[in-house]
Amino acid sequence: MRIKYYTFWIALILIIVFALQSFISGFTDALILNDSSFSEPWRFVTSIFLHGSLAHLLANLFALLLFGFILEKIIGSEKFLAVYLVSGILANLIAINFYSNSLGASGAIMGIIGALAILRPFMGVWVFGMILPMSIAAVIYVIVDAVGIFIPSNIGHIAHLSGIAFGIIFGIIFRINK
């Protein structure tokens, strides 16, 4: 199994896309997930690479780099890329039914977290300012997003929950097929 470090390349793409969003007027509007997405299906993919702010980008980069490299090393680059893209796209398919628009890598990254929680449940990871077992960290993420659904914000909690659910499914499939 050869590692190609798609985690690194995805992080680089996220940074480049954010720079383009920052400097090119209309860039985000052309790629964001919105009500037009069913007639423009590429938006289900392109929105995974967009971010609403620098803080949003940095939070996603932190989680991607922290969890992505670990998962990629465990399952290989191609499977990692599949988890990222499929979790992100499917989370978007669900999210568009609840939000007028959506953007960000969070659904895809939550897919990575879900898969990793199944494959390495007791592995210690640094989250929330402490080291926790991966499974506990994932449960906390789920609780935060479940509660967040009922608190008005610009955060796509349903996309997050959908992404982690698809990641868990991937994790179970990988664990069974070991």
# chains A, B, ... in the order shown; residues from 1 in each chain; ligands from 1
call {"tool": "residues_around", "arguments": {"residues": "region 162-165 of chain A", "least_positions_apart": "2", "cutoff": "10 Å", "atoms": "only C-alpha atoms", "output": "VMD selection string"}}
result
chain A and resid 83 to 84 86 to 95 105 to 117 138 to 139 141 to 142 156 to 160 167 to 171
call {"tool": "select_by_dssp", "arguments": {"residues": "chain A", "states": "strand (DSSP E)", "output": "PyMOL selection string"}}
result
chain A and resi 33-34+101-102+124-127+130-133
call {"tool": "write_last_selection", "arguments": {"atoms": "all heavy atoms", "output": "compact mmCIF listing (two decimals), in the first residue's frame"}}
result
# COMPACT_ATOMS: atom_id res chain seq x y z
N LEU A 33 -22.95 25.31 -2.67
CA LEU A 33 -24.11 24.44 -2.71
C LEU A 33 -25.34 25.28 -2.37
O LEU A 33 -25.38 25.94 -1.33
CB LEU A 33 -23.95 23.31 -1.69
CG LEU A 33 -25.02 22.24 -1.65
CD1 LEU A 33 -25.00 21.43 -2.93
CD2 LEU A 33 -24.80 21.33 -0.46
N ASN A 34 -26.32 25.29 -3.27
CA ASN A 34 -27.53 26.09 -3.03
C ASN A 34 -28.71 25.46 -3.76
O ASN A 34 -28.62 24.32 -4.22
CB ASN A 34 -27.32 27.55 -3.45
CG ASN A 34 -27.00 27.72 -4.90
OD1 ASN A 34 -27.31 26.87 -5.73
ND2 ASN A 34 -26.35 28.82 -5.23
N ASN A 101 -28.13 27.25 1.58
CA ASN A 101 -26.82 27.08 0.94
C ASN A 101 -25.86 26.47 1.94
O ASN A 101 -26.11 26.48 3.14
CB ASN A 101 -26.28 28.40 0.36
CG ASN A 101 -26.11 29.46 1.40
OD1 ASN A 101 -25.44 29.27 2.40
ND2 ASN A 101 -26.75 30.60 1.18
N SER A 102 -24.78 25.91 1.41
CA SER A 102 -23.83 25.21 2.26
C SER A 102 -22.46 25.21 1.60
O SER A 102 -22.35 25.12 0.38
CB SER A 102 -24.32 23.77 2.48
OG SER A 102 -23.44 23.05 3.30
N GLY A 124 -5.44 7.47 21.26
CA GLY A 124 -5.51 8.79 21.87
C GLY A 124 -5.30 9.88 20.84
O GLY A 124 -4.39 9.80 20.02
N VAL A 125 -6.17 10.88 20.88
CA VAL A 125 -6.04 12.03 19.97
C VAL A 125 -6.20 13.31 20.79
O VAL A 125 -6.91 13.34 21.79
CB VAL A 125 -7.07 12.01 18.81
CG1 VAL A 125 -6.80 10.85 17.87
CG2 VAL A 125 -8.50 11.94 19.33
N TRP A 126 -5.54 14.35 20.33
CA TRP A 126 -5.62 15.63 21.02
C TRP A 126 -6.78 16.44 20.45
O TRP A 126 -6.73 16.89 19.32
CB TRP A 126 -4.30 16.39 20.85
CG TRP A 126 -4.26 17.64 21.64
CD1 TRP A 126 -4.06 17.76 22.99
CD2 TRP A 126 -4.44 18.97 21.16
NE1 TRP A 126 -4.10 19.07 23.36
CE2 TRP A 126 -4.33 19.85 22.26
CE3 TRP A 126 -4.69 19.52 19.90
CZ2 TRP A 126 -4.46 21.22 22.14
CZ3 TRP A 126 -4.81 20.89 19.79
CH2 TRP A 126 -4.70 21.72 20.90
N VAL A 127 -7.83 16.57 21.24
CA VAL A 127 -9.00 17.37 20.86
C VAL A 127 -9.54 18.05 22.11
O VAL A 127 -9.38 17.55 23.23
CB VAL A 127 -10.11 16.52 20.20
CG1 VAL A 127 -9.70 16.01 18.84
CG2 VAL A 127 -10.53 15.36 21.09
N MET A 130 -7.33 18.36 25.22
CA MET A 130 -6.88 17.20 26.00
C MET A 130 -6.75 15.98 25.11
O MET A 130 -7.17 15.99 23.96
CB MET A 130 -7.87 16.95 27.14
CG MET A 130 -9.27 16.60 26.67
SD MET A 130 -10.43 16.48 28.03
CE MET A 130 -11.48 17.88 27.66
N ILE A 131 -6.15 14.95 25.65
CA ILE A 131 -6.03 13.69 24.90
C ILE A 131 -7.20 12.79 25.32
O ILE A 131 -7.42 12.54 26.50
CB ILE A 131 -4.69 13.01 25.19
CG1 ILE A 131 -3.56 13.90 24.68
CG2 ILE A 131 -4.64 11.63 24.54
CD1 ILE A 131 -2.18 13.40 24.98
N LEU A 132 -7.94 12.35 24.30
CA LEU A 132 -9.10 11.49 24.51
C LEU A 132 -9.03 10.29 23.57
O LEU A 132 -8.42 10.39 22.50
CB LEU A 132 -10.39 12.25 24.20
CG LEU A 132 -10.77 13.43 25.08
CD1 LEU A 132 -11.95 14.17 24.48
CD2 LEU A 132 -11.09 12.95 26.48
N PRO A 133 -9.69 9.19 23.93
CA PRO A 133 -9.82 8.10 22.95
C PRO A 133 -10.61 8.60 21.74
O PRO A 133 -11.55 9.39 21.88
CB PRO A 133 -10.60 7.03 23.71
CG PRO A 133 -10.44 7.36 25.16
CD PRO A 133 -10.28 8.86 25.22
call {"tool": "select_by_dssp", "arguments": {"residues": "region 21-71 of chain A", "states": "helix (DSSP H, G or I)", "output": "PyMOL selection string"}}
result
chain A and resi 21-23+27-31+43-49+54-71
call {"tool": "write_last_selection", "arguments": {"atoms": "C-alpha atoms", "output": "PDB file, in the first residue's frame"}}
result
ATOM      1  CA  GLN A  21     -12.559  33.049  -2.920  1.00  0.00           C
ATOM      2  CA  SER A  22     -10.902  35.996  -1.218  1.00  0.00           C
ATOM      3  CA  PHE A  23      -9.667  37.672  -4.386  1.00  0.00           C
ATOM      4  CA  PHE A  27     -16.016  32.731  -7.213  1.00  0.00           C
ATOM      5  CA  THR A  28     -17.840  31.413  -4.147  1.00  0.00           C
ATOM      6  CA  ASP A  29     -21.294  32.035  -5.653  1.00  0.00           C
ATOM      7  CA  ALA A  30     -20.383  29.966  -8.713  1.00  0.00           C
ATOM      8  CA  LEU A  31     -19.398  26.917  -6.639  1.00  0.00           C
ATOM      9  CA  ARG A  43     -21.694  22.056  -6.685  1.00  0.00           C
ATOM     10  CA  PHE A  44     -22.078  18.973  -4.475  1.00  0.00           C
ATOM     11  CA  VAL A  45     -18.314  18.504  -4.970  1.00  0.00           C
ATOM     12  CA  THR A  46     -17.033  22.063  -5.334  1.00  0.00           C
ATOM     13  CA  SER A  47     -18.697  23.252  -2.131  1.00  0.00           C
ATOM     14  CA  ILE A  48     -16.550  20.763  -0.189  1.00  0.00           C
ATOM     15  CA  PHE A  49     -13.518  22.923  -1.014  1.00  0.00           C
ATOM     16  CA  LEU A  54     -10.445  32.195   7.630  1.00  0.00           C
ATOM     17  CA  ALA A  55     -11.475  30.754  11.009  1.00  0.00           C
ATOM     18  CA  HIS A  56     -13.665  28.170   9.231  1.00  0.00           C
ATOM     19  CA  LEU A  57     -10.763  27.208   6.975  1.00  0.00           C
ATOM     20  CA  LEU A  58      -8.272  26.966   9.856  1.00  0.00           C
ATOM     21  CA  ALA A  59     -10.591  24.807  11.963  1.00  0.00           C
ATOM     22  CA  ASN A  60     -11.122  22.423   9.048  1.00  0.00           C
ATOM     23  CA  LEU A  61      -7.411  22.344   8.175  1.00  0.00           C
ATOM     24  CA  PHE A  62      -6.563  21.504  11.784  1.00  0.00           C
ATOM     25  CA  ALA A  63      -9.035  18.601  11.864  1.00  0.00           C
ATOM     26  CA  LEU A  64      -8.103  17.418   8.366  1.00  0.00           C
ATOM     27  CA  LEU A  65      -4.388  17.340   9.102  1.00  0.00           C
ATOM     28  CA  LEU A  66      -4.825  15.839  12.572  1.00  0.00           C
ATOM     29  CA  PHE A  67      -7.195  13.039  11.597  1.00  0.00           C
ATOM     30  CA  GLY A  68      -6.573  12.765   7.853  1.00  0.00           C
ATOM     31  CA  PHE A  69      -2.938  11.696   7.973  1.00  0.00           C
ATOM     32  CA  ILE A  70      -3.766   9.028  10.566  1.00  0.00           C
ATOM     33  CA  LEU A  71      -6.674   7.582   8.577  1.00  0.00           C
TER      34      LEU A  71
END
